[in-house]
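Novice: My structure file work-v9.txt, compact mmCIF, C-alpha atoms and all ligand atoms, is below:
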# COMPACT_ATOMS: atom_id res chain seq x y z
CA MET A 1 0.00 0.00 0.00
CA ASP A 2 1.29 3.50 -0.88
CA GLU A 3 2.19 5.65 2.12
CA LYS A 4 -0.11 8.60 2.60
CA LYS A 5 1.28 12.06 1.92
CA VAL A 6 1.62 14.33 4.93
CA ILE A 7 -0.19 17.54 5.86
CA PHE A 8 0.74 20.01 8.57
CA SER A 9 -1.17 23.16 9.49
CA GLY A 10 -2.13 25.19 12.53
CA ALA A 11 -3.91 28.26 13.84
CA GLN A 12 -2.91 30.66 16.60
CA PRO A 13 -4.92 30.88 19.83
CA SER A 14 -4.56 34.65 19.61
CA GLY A 15 -8.33 35.03 19.78
CA LYS A 16 -11.31 32.98 18.69
CA MET A 17 -11.62 31.43 15.27
CA THR A 18 -13.05 33.72 12.56
CA LEU A 19 -14.91 32.96 9.39
CA GLY A 20 -11.64 33.90 7.63
CA ASN A 21 -9.66 31.23 9.49
CA TYR A 22 -12.38 28.70 8.71
CA LEU A 23 -12.82 29.42 5.00
CA GLY A 24 -9.12 30.04 4.38
CA ALA A 25 -7.79 26.98 6.15
CA ILE A 26 -9.79 24.82 8.53
CA LYS A 27 -12.50 23.91 6.03
CA ASN A 28 -9.80 22.46 3.77
CA TRP A 29 -8.27 20.57 6.68
CA THR A 30 -11.52 18.70 7.13
CA LEU A 31 -11.81 17.98 3.39
CA LEU A 32 -8.30 16.52 3.22
CA GLN A 33 -8.32 14.43 6.39
CA ASP A 34 -9.19 11.11 4.71
CA GLU A 35 -6.56 11.24 2.01
CA TYR A 36 -3.53 12.42 4.01
CA GLU A 37 -1.64 11.74 7.21
CA CYS A 38 -2.53 14.99 9.00
CA TYR A 39 -0.93 16.96 11.82
CA TYR A 40 -3.00 19.89 13.06
CA SER A 41 -1.63 22.04 15.84
CA VAL A 42 -2.85 24.84 18.07
CA VAL A 43 0.20 27.04 17.61
CA ASP A 44 0.46 28.75 20.98
CA LEU A 45 4.18 29.53 20.60
CA HIS A 46 3.27 31.76 17.66
CA ALA A 47 0.49 33.47 19.62
CA ILE A 48 2.87 35.01 22.17
CA THR A 49 4.60 37.09 19.50
CA VAL A 50 1.93 39.62 20.49
CA PRO A 51 1.18 40.15 24.21
CA GLN A 52 -1.31 37.65 25.64
CA LYS A 53 -2.88 37.47 29.09
CA PRO A 54 -1.96 34.00 30.48
CA GLU A 55 -5.52 33.12 31.52
CA VAL A 56 -6.95 34.26 28.20
CA LEU A 57 -4.29 32.33 26.27
CA ARG A 58 -5.09 29.15 28.20
CA ASN A 59 -8.81 29.52 27.46
CA ASN A 60 -8.25 30.39 23.81
CA THR A 61 -6.01 27.34 23.37
CA ILE A 62 -8.65 24.93 24.63
CA GLU A 63 -11.41 26.75 22.77
CA LEU A 64 -9.51 26.60 19.49
CA LEU A 65 -8.99 22.88 19.99
CA ALA A 66 -12.74 22.52 20.62
CA GLN A 67 -13.36 24.41 17.39
CA TYR A 68 -11.09 22.12 15.40
CA ILE A 69 -13.28 19.19 16.45
CA ALA A 70 -16.52 21.17 16.04
CA CYS A 71 -15.52 22.03 12.46
CA GLY A 72 -15.25 18.33 11.67
CA LEU A 73 -11.68 17.22 12.38
CA ASP A 74 -11.80 13.63 13.53
CA PRO A 75 -9.32 13.00 16.37
CA GLU A 76 -9.14 9.34 15.34
CA LYS A 77 -7.93 10.23 11.86
CA ASN A 78 -5.75 13.25 12.63
CA THR A 79 -2.95 14.07 15.03
CA ILE A 80 -4.25 17.10 16.90
CA PHE A 81 -1.82 18.65 19.36
CA ILE A 82 -0.56 21.72 21.18
CA GLN A 83 2.60 23.20 19.69
CA SER A 84 4.34 24.11 22.97
CA HIS A 85 4.06 20.45 24.08
CA VAL A 86 6.42 19.33 21.33
CA LYS A 87 9.72 21.02 22.12
CA GLU A 88 11.29 19.92 18.83
CA HIS A 89 9.56 22.89 17.16
CA LEU A 90 11.83 25.27 19.05
CA GLU A 91 14.95 23.17 18.58
CA LEU A 92 14.54 22.94 14.82
CA MET A 93 13.69 26.62 14.73
CA TRP A 94 17.09 27.43 16.23
CA VAL A 95 18.93 25.48 13.55
CA LEU A 96 16.85 27.13 10.81
CA ASN A 97 17.39 30.56 12.40
CA THR A 98 21.09 30.19 11.71
CA MET A 99 20.32 29.62 8.03
CA THR A 100 17.79 32.43 7.52
CA TYR A 101 18.88 35.77 6.12
CA MET A 102 17.82 39.01 7.78
CA GLY A 103 16.99 40.34 4.29
CA GLU A 104 14.43 37.64 3.59
CA LEU A 105 12.66 38.20 6.93
CA ASN A 106 12.69 41.95 6.33
CA ARG A 107 10.59 41.44 3.21
CA MET A 108 7.68 39.75 5.04
CA THR A 109 4.53 41.83 4.72
CA GLN A 110 2.90 40.22 7.78
CA PHE A 111 5.84 41.42 9.89
CA LYS A 112 5.54 44.91 8.45
CA ASP A 113 1.77 44.99 9.13
CA LYS A 114 2.08 43.61 12.66
CA ALA A 115 5.05 45.87 13.43
CA LYS A 116 2.86 48.89 12.67
CA LYS A 117 0.26 47.61 15.15
CA SER A 118 2.76 46.70 17.88
CA GLU A 119 5.26 49.54 17.88
CA GLU A 120 5.73 49.23 21.65
CA ASN A 121 6.30 45.49 21.43
CA LEU A 122 8.41 45.07 18.34
CA ASN A 123 9.97 41.85 19.55
CA ALA A 124 12.37 39.48 17.82
CA GLY A 125 9.75 36.69 17.93
CA LEU A 126 7.50 38.65 15.60
CA PHE A 127 10.43 39.01 13.20
CA THR A 128 11.42 35.32 13.26
CA TYR A 129 7.81 34.05 13.20
CA PRO A 130 8.27 32.61 9.66
CA VAL A 131 11.27 30.55 10.84
CA LEU A 132 9.18 28.92 13.57
CA MET A 133 6.48 28.29 10.97
CA ALA A 134 9.06 26.66 8.68
CA ALA A 135 10.18 24.45 11.60
CA ASP A 136 6.54 23.47 12.28
CA ILE A 137 6.09 22.32 8.71
CA LEU A 138 9.47 20.70 8.06
CA LEU A 139 9.49 18.67 11.30
CA TYR A 140 6.59 16.58 9.97
CA GLN A 141 8.03 16.28 6.45
CA ALA A 142 4.80 17.84 5.21
CA ASP A 143 3.99 17.61 1.51
CA LEU A 144 1.04 19.97 1.74
CA VAL A 145 0.15 22.94 3.96
CA PRO A 146 -3.46 24.13 3.71
CA VAL A 147 -3.38 27.85 4.57
CA GLY A 148 -4.97 31.15 3.58
CA GLU A 149 -3.48 33.55 1.04
CA ASP A 150 -1.85 35.64 3.81
CA GLN A 151 0.62 32.80 4.43
CA ARG A 152 1.94 32.63 0.84
CA GLN A 153 5.19 34.48 1.63
CA HIS A 154 5.80 32.38 4.74
CA MET A 155 5.34 29.21 2.69
CA GLU A 156 8.05 30.43 0.30
CA ILE A 157 10.50 30.83 3.19
CA ALA A 158 9.68 27.31 4.43
CA ARG A 159 10.41 25.93 0.96
CA ASP A 160 13.61 27.97 0.61
CA LEU A 161 14.87 26.81 4.00
CA ALA A 162 14.12 23.16 3.19
CA ASN A 163 16.04 23.47 -0.09
CA ARG A 164 18.88 25.36 1.57
CA PHE A 165 19.29 22.72 4.26
CA ASN A 166 19.06 19.85 1.74
CA ASN A 167 21.68 21.47 -0.49
CA ARG A 168 24.06 22.17 2.36
CA TYR A 169 23.80 18.85 4.23
CA SER A 170 22.12 16.35 1.81
CA GLU A 171 18.48 15.38 1.30
CA THR A 172 16.64 15.74 4.65
CA PHE A 173 13.38 17.65 4.26
CA THR A 174 10.38 17.18 2.01
CA ILE A 175 9.74 20.41 0.07
CA PRO A 176 6.23 21.52 1.15
CA GLU A 177 3.56 23.07 -1.07
CA GLY A 178 0.98 25.62 0.08
CA TYR A 179 -2.64 24.64 -0.58
CA MET A 180 -5.09 27.53 -0.84
CA PRO A 181 -8.82 27.46 -1.59
CA LYS A 182 -10.18 29.04 -4.80
CA GLU A 183 -12.66 31.27 -3.00
CA GLY A 184 -12.14 32.19 0.64
CA ALA A 185 -8.35 32.28 0.44
CA ARG A 186 -8.59 35.83 1.74
CA ILE A 187 -11.76 36.86 3.56
CA MET A 188 -11.79 40.58 4.25
CA SER A 189 -12.81 42.61 7.29
CA LEU A 190 -16.51 43.49 7.30
CA GLN A 191 -15.64 47.02 8.42
CA ASP A 192 -12.69 47.64 6.10
CA PRO A 193 -12.84 45.32 3.09
CA THR A 194 -9.36 46.39 1.99
CA LYS A 195 -7.77 44.51 4.90
CA LYS A 196 -8.11 40.86 5.85
CA MET A 197 -10.50 39.62 8.52
CA SER A 198 -8.42 38.98 11.68
CA LYS A 199 -9.31 37.52 15.04
CA SER A 200 -7.20 40.15 16.81
CA ASP A 201 -9.00 43.10 15.13
CA SER A 202 -9.86 45.67 17.81
CA ASP A 203 -13.30 46.16 16.18
CA PRO A 204 -15.47 43.04 16.72
CA ASN A 205 -17.76 44.19 13.90
CA GLY A 206 -14.89 43.50 11.50
CA TYR A 207 -15.05 39.74 12.01
CA ILE A 208 -17.53 36.92 12.40
CA LEU A 209 -16.53 34.35 14.98
CA LEU A 210 -17.56 30.73 14.68
CA ALA A 211 -18.68 31.09 18.29
CA ASP A 212 -20.92 34.12 17.56
CA ASP A 213 -24.63 33.58 18.11
CA SER A 214 -27.12 34.05 15.26
CA ASP A 215 -28.14 37.57 16.29
CA ALA A 216 -24.56 38.77 16.37
CA ILE A 217 -23.88 37.30 12.92
CA VAL A 218 -26.97 38.94 11.41
CA LYS A 219 -26.10 42.31 12.97
CA LYS A 220 -22.47 42.21 11.80
CA ILE A 221 -23.43 41.34 8.21
CA LYS A 222 -26.12 44.03 8.13
CA LYS A 223 -23.61 46.59 9.40
CA SER A 224 -20.89 45.51 6.96
CA VAL A 225 -19.33 48.29 4.91
CA THR A 226 -20.26 48.26 1.21
CA ASP A 227 -20.38 51.19 -1.26
CA SER A 228 -22.80 53.68 -2.78
CA LEU A 229 -23.20 51.98 -6.18
CA GLY A 230 -26.22 49.95 -5.09
CA VAL A 231 -25.60 47.10 -7.58
CA VAL A 232 -24.64 43.59 -6.43
CA LYS A 233 -21.67 42.85 -8.70
CA TYR A 234 -18.59 40.66 -8.34
CA SER A 235 -16.00 43.34 -8.96
CA ASP A 236 -12.74 44.62 -7.42
CA GLU A 237 -14.29 48.09 -7.40
CA GLN A 238 -16.82 46.85 -4.81
CA PRO A 239 -14.63 45.05 -2.26
CA GLY A 240 -17.32 44.88 0.45
CA ILE A 241 -19.90 43.25 -1.85
CA LYS A 242 -17.22 41.03 -3.42
CA ASN A 243 -16.25 39.79 0.04
CA LEU A 244 -19.86 38.90 0.90
CA LEU A 245 -20.22 37.13 -2.46
CA ASP A 246 -17.04 35.14 -1.76
CA ILE A 247 -18.40 34.07 1.62
CA CYS A 248 -21.72 33.05 0.04
CA ALA A 249 -20.03 31.24 -2.84
CA ASN A 250 -17.85 29.28 -0.47
CA PHE A 251 -20.73 28.20 1.73
CA SER A 252 -23.15 27.38 -1.08
CA GLY A 253 -20.67 25.90 -3.58
CA ARG A 254 -22.03 28.27 -6.24
CA ASP A 255 -20.27 30.65 -8.60
CA PRO A 256 -20.05 34.21 -7.15
CA GLN A 257 -21.04 35.76 -10.50
CA ASP A 258 -24.20 33.59 -10.63
CA ILE A 259 -25.11 34.60 -7.09
CA ALA A 260 -24.65 38.29 -8.01
CA ALA A 261 -26.92 37.86 -11.06
CA GLN A 262 -29.73 36.72 -8.79
CA TYR A 263 -29.83 40.21 -7.18
CA GLU A 264 -30.28 42.26 -10.34
CA GLY A 265 -32.62 45.12 -9.55
CA LYS A 266 -32.60 44.36 -5.81
CA GLY A 267 -30.87 46.44 -3.15
CA TYR A 268 -28.08 45.55 -0.74
CA GLY A 269 -30.61 44.97 2.07
CA ALA A 270 -32.10 41.84 0.48
CA PHE A 271 -28.65 40.55 -0.42
CA LYS A 272 -27.30 41.02 3.11
CA THR A 273 -30.35 39.30 4.62
CA ASP A 274 -29.72 36.24 2.44
CA VAL A 275 -25.97 36.20 3.16
CA ALA A 276 -26.70 36.35 6.89
CA GLU A 277 -29.12 33.45 6.63
CA ILE A 278 -26.66 31.29 4.69
CA VAL A 279 -23.89 31.98 7.23
CA VAL A 280 -26.12 31.40 10.27
CA GLU A 281 -27.46 28.09 8.91
CA TYR A 282 -24.01 26.86 7.90
CA LEU A 283 -22.45 27.69 11.25
CA ARG A 284 -25.35 26.42 13.41
CA PRO A 285 -24.19 22.77 13.73
CA ILE A 286 -20.57 23.88 14.23
CA LYS A 287 -21.65 26.16 17.09
CA GLU A 288 -23.75 23.38 18.65
CA LYS A 289 -20.88 20.91 18.54
CA TYR A 290 -18.51 23.57 19.88
CA ASP A 291 -20.71 24.22 22.91
CA TYR A 292 -20.91 20.47 23.51
CA MET A 293 -17.11 20.11 23.29
CA LEU A 294 -16.55 22.92 25.78
CA ALA A 295 -18.72 21.07 28.26
CA ASN A 296 -16.43 18.03 27.82
CA LYS A 297 -12.99 19.40 28.65
CA ASP A 298 -11.66 15.99 29.79
CA TYR A 299 -12.28 14.64 26.32
CA LEU A 300 -10.40 17.59 24.81
CA ARG A 301 -7.51 16.88 27.14
CA ASP A 302 -7.42 13.23 26.03
CA ILE A 303 -7.29 14.40 22.42
CA TYR A 304 -4.31 16.68 22.84
CA LEU A 305 -2.40 14.31 25.12
CA ALA A 306 -2.67 11.51 22.54
CA GLY A 307 -1.83 13.97 19.75
CA ASP A 308 1.21 15.34 21.59
CA VAL A 309 2.72 11.83 21.79
CA LYS A 310 2.14 11.03 18.13
CA ALA A 311 3.42 14.41 16.98
CA GLN A 312 6.54 14.13 19.11
CA GLU A 313 7.29 10.66 17.73
CA LYS A 314 7.46 12.02 14.20
CA ALA A 315 9.13 15.33 15.12
CA SER A 316 11.91 13.70 17.13
CA LYS A 317 12.90 11.50 14.17
CA THR A 318 13.34 14.54 11.94
CA LEU A 319 15.22 16.50 14.60
CA LYS A 320 17.59 13.58 15.25
CA ALA A 321 18.48 13.45 11.54
CA VAL A 322 18.98 17.23 11.48
CA TYR A 323 21.25 17.26 14.54
CA GLU A 324 23.39 14.47 13.08
CA LYS A 325 23.77 16.26 9.75
CA VAL A 326 24.64 19.55 11.41
CA GLY A 327 27.43 17.82 13.36
CA PHE A 328 26.11 17.69 16.93
CA ILE A 329 27.41 14.75 18.96
CA PRO A 330 24.54 12.40 19.92
CA ARG A 331 23.90 11.96 23.66
N1 LIG B 401 -9.01 36.63 6.51
C1 LIG B 401 -8.59 35.41 6.21
N2 LIG B 401 -9.00 34.81 5.06
C2 LIG B 401 -8.58 33.56 4.74
N3 LIG B 401 -7.74 32.84 5.51
C3 LIG B 401 -7.31 33.40 6.65
N4 LIG B 401 -6.50 32.97 7.63
C4 LIG B 401 -6.37 33.92 8.58
N5 LIG B 401 -7.10 34.99 8.26
C5 LIG B 401 -7.70 34.70 7.07
C6 LIG B 401 -5.88 31.64 7.65
O1 LIG B 401 -6.25 31.01 8.87
C7 LIG B 401 -5.21 30.14 9.27
C8 LIG B 401 -4.91 30.32 10.71
O2 LIG B 401 -4.40 31.63 10.91
P1 LIG B 401 -3.51 31.96 12.16
O3 LIG B 401 -4.35 31.86 13.37
O4 LIG B 401 -2.32 31.08 12.14
O5 LIG B 401 -2.94 33.40 11.99
P2 LIG B 401 -3.31 34.62 11.11
O6 LIG B 401 -3.16 34.29 9.65
O7 LIG B 401 -2.50 35.76 11.59
O8 LIG B 401 -4.87 34.79 11.44
P3 LIG B 401 -5.59 36.00 12.13
O9 LIG B 401 -7.01 35.61 12.33
O10 LIG B 401 -5.33 37.24 11.33
O11 LIG B 401 -4.88 36.06 13.55
P4 LIG B 401 -4.20 37.32 14.24
O12 LIG B 401 -5.28 38.37 14.29
O13 LIG B 401 -3.77 36.85 15.58
O14 LIG B 401 -3.05 37.72 13.39
C9 LIG B 401 -4.00 30.43 8.37
O15 LIG B 401 -3.87 29.40 7.42
C10 LIG B 401 -4.36 31.72 7.70
O16 LIG B 401 -3.83 31.81 6.40
Let's see the structure in the file written out as structure tokens.
Specialist:
Amino acid sequence: MDEKKVIFSGAQPSGKMTLGNYLGAIKNWTLLQDEYECYYSVVDLHAITVPQKPEVLRNNTIELLAQYIACGLDPEKNTIFIQSHVKEHLELMWVLNTMTYMGELNRMTQFKDKAKKSEENLNAGLFTYPVLMAADILLYQADLVPVGEDQRQHMEIARDLANRFNNRYSETFTIPEGYMPKEGARIMSLQDPTKKMSKSDSDPNGYILLADDSDAIVKKIKKSVTDSLGVVKYSDEQPGIKNLLDICANFSGRDPQDIAAQYEGKGYGAFKTDVAEIVVEYLRPIKEKYDYMLANKDYLRDIYLAGDVKAQEKASKTLKAVYEKVGFIPR
């Protein structure tokens, strides 16, 4: 029997999961879980690159795990684990740090964006974030990494570092490929459709959380920023409407242009009402399962403890090979 190809991906417990996180990444995780050997992590080490309150971080970590399961990840089929429990991530990161150029990190747009937001906390972790992400991926010899469009640059660094290491020390790492959805690769803020929807946005009206109740979802979609043209059209000149059409298209499996055509002669009000209904109905079972999971924290603990062991098994093999090639004396 052919060995299954490997997937790695993760999300940060830097807040609660948004519709952007779901449509950009997690939905694909669930679609790929039968075909691949999958490692899905709650990447808490990444989350502390911006200040986190310890209690909030702990809650967000468990809640994100609950959301992974609520979205349809089967803990029997996937290795689901907490990043900080597998220390190999940090050890491989160190080795890769010594092979990463300052110039290539300086070019990262996510760093530039986050640096603007965190001028008082411009820490080195934020700068070397892509190196930790490369370590996450390469430790599991991942072939595929399902992520949103915002991670494209980081995926390039992961590939470059894998190639660089292989060329310097001989074949060690699988070269990973990013896997992005056709629609939903970049869901935009509902309040500023020129920037991406983010769970750490200071304006809660900018994002829809998977944990939001129906009323909140309806209100946020009704309040979403559009334009004064008054025509539902799938066009770059109407980023707010385009974003809502992308969300609809993703949830209904229909073409965004066809959906737009349905609203000829109708105003934005009717369109927004329908978008809200589609989102509410789609998220309803996810929210129900999420609430159930949160009431079963022991089960969640069992999931991550089993996942930690399986993840570490694989990660330690890769790290051992790396240490040998680099020239460290084995203990
Ligand atoms: N708006 C988005 N549209 C599509 N995909 C998105 N992703 C994030 N935002 C969007 C994808 O979700 C996955 C998990 O993201 P993450 O938690 O690792 O970090 P992030 O990309 O920085 O997400 P946020 O929500 O913007 O978090 P904060 O506010 O903490 O920075 C990734 O695959 C990402 O591409």
Novice: Taking 4 positions as the minimum chain separation for residues in the same chain, which residues sit within 8 Å of Leu244 of chain A when counting all atoms listed in the file? Answer as a PyMOL selection string.
Specialist: chain A and resi 240+248+275
Novice: The centre and edge lengths of an axis-aligned box containing all atoms of ligand LIG 401 (chain B) present in the file, extended by 3 Å on each side, are to be given in Å to one decimal, as AutoDock Vina command-line options.
Specialist:
--center_x -5.7 --center_y 33.9 --center_z 10.2 --size_x 12.7 --size_y 15.0 --size_z 16.8
Novice: Suppose you want the space between atom CA of Val279 of chain A and atom CA of Ala11 of chain A; what is it in Å?
Specialist: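 So the answer is 21.4 Å.
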Novice: Compare A:Pro130, A:Pro54, A:Gly206, A:Gly265 by their minimum atom-to-atom distance to His154 of chain A, counting all atoms listed in the file, and give me the closest one.
Specialist: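 Among A:Pro130, A:Pro54, A:Gly206, A:Gly265, it is A:Pro130 that comes nearest to His154 of chain A.
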Novice: Write out as a Markdown table a residue-level contact list of chain A versus ligand LIG 401 (chain B) with cut-off 9 Å: for each qualifying residue the closest pair of atoms and the distance in Å to one decimal, counting all atoms listed in the file, rows sorted by chain and residue number upward.
Specialist:
| residue | atom | partner | partner_atom | distance |
| --- | --- | --- | --- | --- |
| A:Ser9 | CA | B:LIG401 | O15 | 7.1 |
| A:Gly10 | CA | B:LIG401 | O4 | 5.9 |
| A:Ala11 | CA | B:LIG401 | O4 | 3.7 |
| A:Gln12 | CA | B:LIG401 | O3 | 3.7 |
| A:Pro13 | CA | B:LIG401 | O3 | 6.6 |
| A:Ser14 | CA | B:LIG401 | O13 | 4.7 |
| A:Gly15 | CA | B:LIG401 | O13 | 6.5 |
| A:Lys16 | CA | B:LIG401 | O9 | 8.1 |
| A:Met17 | CA | B:LIG401 | O9 | 6.9 |
| A:Thr18 | CA | B:LIG401 | O9 | 6.3 |
| A:Leu19 | CA | B:LIG401 | C1 | 7.5 |
| A:Gly20 | CA | B:LIG401 | C1 | 3.7 |
| A:Asn21 | CA | B:LIG401 | O1 | 3.5 |
| A:Tyr22 | CA | B:LIG401 | O1 | 6.6 |
| A:Leu23 | CA | B:LIG401 | C2 | 5.9 |
| A:Gly24 | CA | B:LIG401 | N3 | 3.3 |
| A:Ala25 | CA | B:LIG401 | O15 | 4.8 |
| A:Ile26 | CA | B:LIG401 | C7 | 7.1 |
| A:Val42 | CA | B:LIG401 | O3 | 8.6 |
| A:Val43 | CA | B:LIG401 | O4 | 7.3 |
| A:His46 | CA | B:LIG401 | O4 | 7.9 |
| A:Ala47 | CA | B:LIG401 | O13 | 6.8 |
| A:Val50 | CA | B:LIG401 | O13 | 8.0 |
| A:Gln110 | CA | B:LIG401 | O7 | 8.0 |
| A:Lys114 | CA | B:LIG401 | O14 | 7.8 |
| A:Val145 | CA | B:LIG401 | O15 | 8.4 |
| A:Pro146 | CA | B:LIG401 | O15 | 6.5 |
| A:Val147 | CA | B:LIG401 | O15 | 3.3 |
| A:Gly148 | CA | B:LIG401 | O16 | 3.1 |
| A:Glu149 | CA | B:LIG401 | O16 | 5.6 |
| A:Asp150 | CA | B:LIG401 | O16 | 5.0 |
| A:Gln151 | CA | B:LIG401 | O16 | 5.0 |
| A:Arg152 | CA | B:LIG401 | O16 | 8.1 |
| A:Met180 | CA | B:LIG401 | O16 | 8.5 |
| A:Pro181 | CA | B:LIG401 | C2 | 8.8 |
| A:Gly184 | CA | B:LIG401 | C2 | 5.6 |
| A:Ala185 | CA | B:LIG401 | C2 | 4.5 |
| A:Arg186 | CA | B:LIG401 | N2 | 3.5 |
| A:Ile187 | CA | B:LIG401 | N2 | 3.8 |
| A:Met188 | CA | B:LIG401 | N1 | 5.3 |
| A:Ser189 | CA | B:LIG401 | N1 | 7.1 |
| A:Lys195 | CA | B:LIG401 | N1 | 8.1 |
| A:Lys196 | CA | B:LIG401 | N1 | 4.4 |
| A:Met197 | CA | B:LIG401 | N1 | 3.9 |
| A:Ser198 | CA | B:LIG401 | O10 | 3.6 |
| A:Lys199 | CA | B:LIG401 | O9 | 4.0 |
| A:Ser200 | CA | B:LIG401 | O12 | 3.6 |
| A:Asp201 | CA | B:LIG401 | O12 | 6.1 |
| A:Tyr207 | CA | B:LIG401 | N1 | 8.7 |
Novice: Tell me which of A:Ile217, A:Ile278, A:Leu229, A:Ile62 sits closest to Gly253 of chain A, counting all atoms listed in the file.
Specialist: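 Using all atoms listed in the file, the shortest distance to Gly253 of chain A belongs to A:Ile278.
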Novice: At a cut-off of 12 Å, using only C-alpha atoms, what residues contact segment 292-301 of chain A? Leave out same-chain residues fewer than 4 positions from it and give the result as an MDAnalysis selection string.
Specialist: chainID A and resid 59:72 75 80:82 211 285:288 305:308
Novice: Taking all atoms listed in the file into account, which of A:Ile259, A:Met99, A:Ala134, A:Leu144 comes nearest Glu35 of chain A?
Specialist: A:Leu144
Novice: Would you mind putting N, CA and C atoms back on segment 269-282 of chain A and writing the result as a PDB file, in the coordinates of the input?
Specialist:
ATOM      1  N   GLY A 269     -29.908  45.490   0.889  1.00  0.00           N
ATOM      2  CA  GLY A 269     -30.610  44.970   2.070  1.00  0.00           C
ATOM      3  C   GLY A 269     -31.001  43.511   1.887  1.00  0.00           C
ATOM      4  N   ALA A 270     -31.639  43.221   0.744  1.00  0.00           N
ATOM      5  CA  ALA A 270     -32.100  41.840   0.480  1.00  0.00           C
ATOM      6  C   ALA A 270     -30.906  40.904   0.392  1.00  0.00           C
ATOM      7  N   PHE A 271     -29.851  41.379  -0.269  1.00  0.00           N
ATOM      8  CA  PHE A 271     -28.650  40.550  -0.420  1.00  0.00           C
ATOM      9  C   PHE A 271     -28.051  40.217   0.946  1.00  0.00           C
ATOM     10  N   LYS A 272     -27.906  41.245   1.786  1.00  0.00           N
ATOM     11  CA  LYS A 272     -27.300  41.020   3.110  1.00  0.00           C
ATOM     12  C   LYS A 272     -28.151  40.059   3.957  1.00  0.00           C
ATOM     13  N   THR A 273     -29.474  40.202   3.855  1.00  0.00           N
ATOM     14  CA  THR A 273     -30.350  39.300   4.620  1.00  0.00           C
ATOM     15  C   THR A 273     -30.081  37.848   4.223  1.00  0.00           C
ATOM     16  N   ASP A 274     -29.954  37.607   2.903  1.00  0.00           N
ATOM     17  CA  ASP A 274     -29.720  36.240   2.440  1.00  0.00           C
ATOM     18  C   ASP A 274     -28.331  35.735   2.851  1.00  0.00           C
ATOM     19  N   VAL A 275     -27.324  36.625   2.761  1.00  0.00           N
ATOM     20  CA  VAL A 275     -25.970  36.200   3.160  1.00  0.00           C
ATOM     21  C   VAL A 275     -25.996  35.794   4.633  1.00  0.00           C
ATOM     22  N   ALA A 276     -26.651  36.636   5.450  1.00  0.00           N
ATOM     23  CA  ALA A 276     -26.700  36.350   6.890  1.00  0.00           C
ATOM     24  C   ALA A 276     -27.353  35.005   7.137  1.00  0.00           C
ATOM     25  N   GLU A 277     -28.426  34.723   6.406  1.00  0.00           N
ATOM     26  CA  GLU A 277     -29.120  33.450   6.630  1.00  0.00           C
ATOM     27  C   GLU A 277     -28.236  32.263   6.255  1.00  0.00           C
ATOM     28  N   ILE A 278     -27.542  32.389   5.130  1.00  0.00           N
ATOM     29  CA  ILE A 278     -26.660  31.290   4.690  1.00  0.00           C
ATOM     30  C   ILE A 278     -25.576  31.039   5.744  1.00  0.00           C
ATOM     31  N   VAL A 279     -24.978  32.134   6.253  1.00  0.00           N
ATOM     32  CA  VAL A 279     -23.890  31.980   7.230  1.00  0.00           C
ATOM     33  C   VAL A 279     -24.419  31.362   8.530  1.00  0.00           C
ATOM     34  N   VAL A 280     -25.551  31.902   9.004  1.00  0.00           N
ATOM     35  CA  VAL A 280     -26.120  31.400  10.270  1.00  0.00           C
ATOM     36  C   VAL A 280     -26.421  29.903  10.148  1.00  0.00           C
ATOM     37  N   GLU A 281     -27.075  29.513   9.051  1.00  0.00           N
ATOM     38  CA  GLU A 281     -27.460  28.090   8.910  1.00  0.00           C
ATOM     39  C   GLU A 281     -26.236  27.203   8.778  1.00  0.00           C
ATOM     40  N   TYR A 282     -25.223  27.675   8.067  1.00  0.00           N
ATOM     41  CA  TYR A 282     -24.010  26.860   7.900  1.00  0.00           C
ATOM     42  C   TYR A 282     -23.294  26.670   9.232  1.00  0.00           C
TER      43      TYR A 282
END
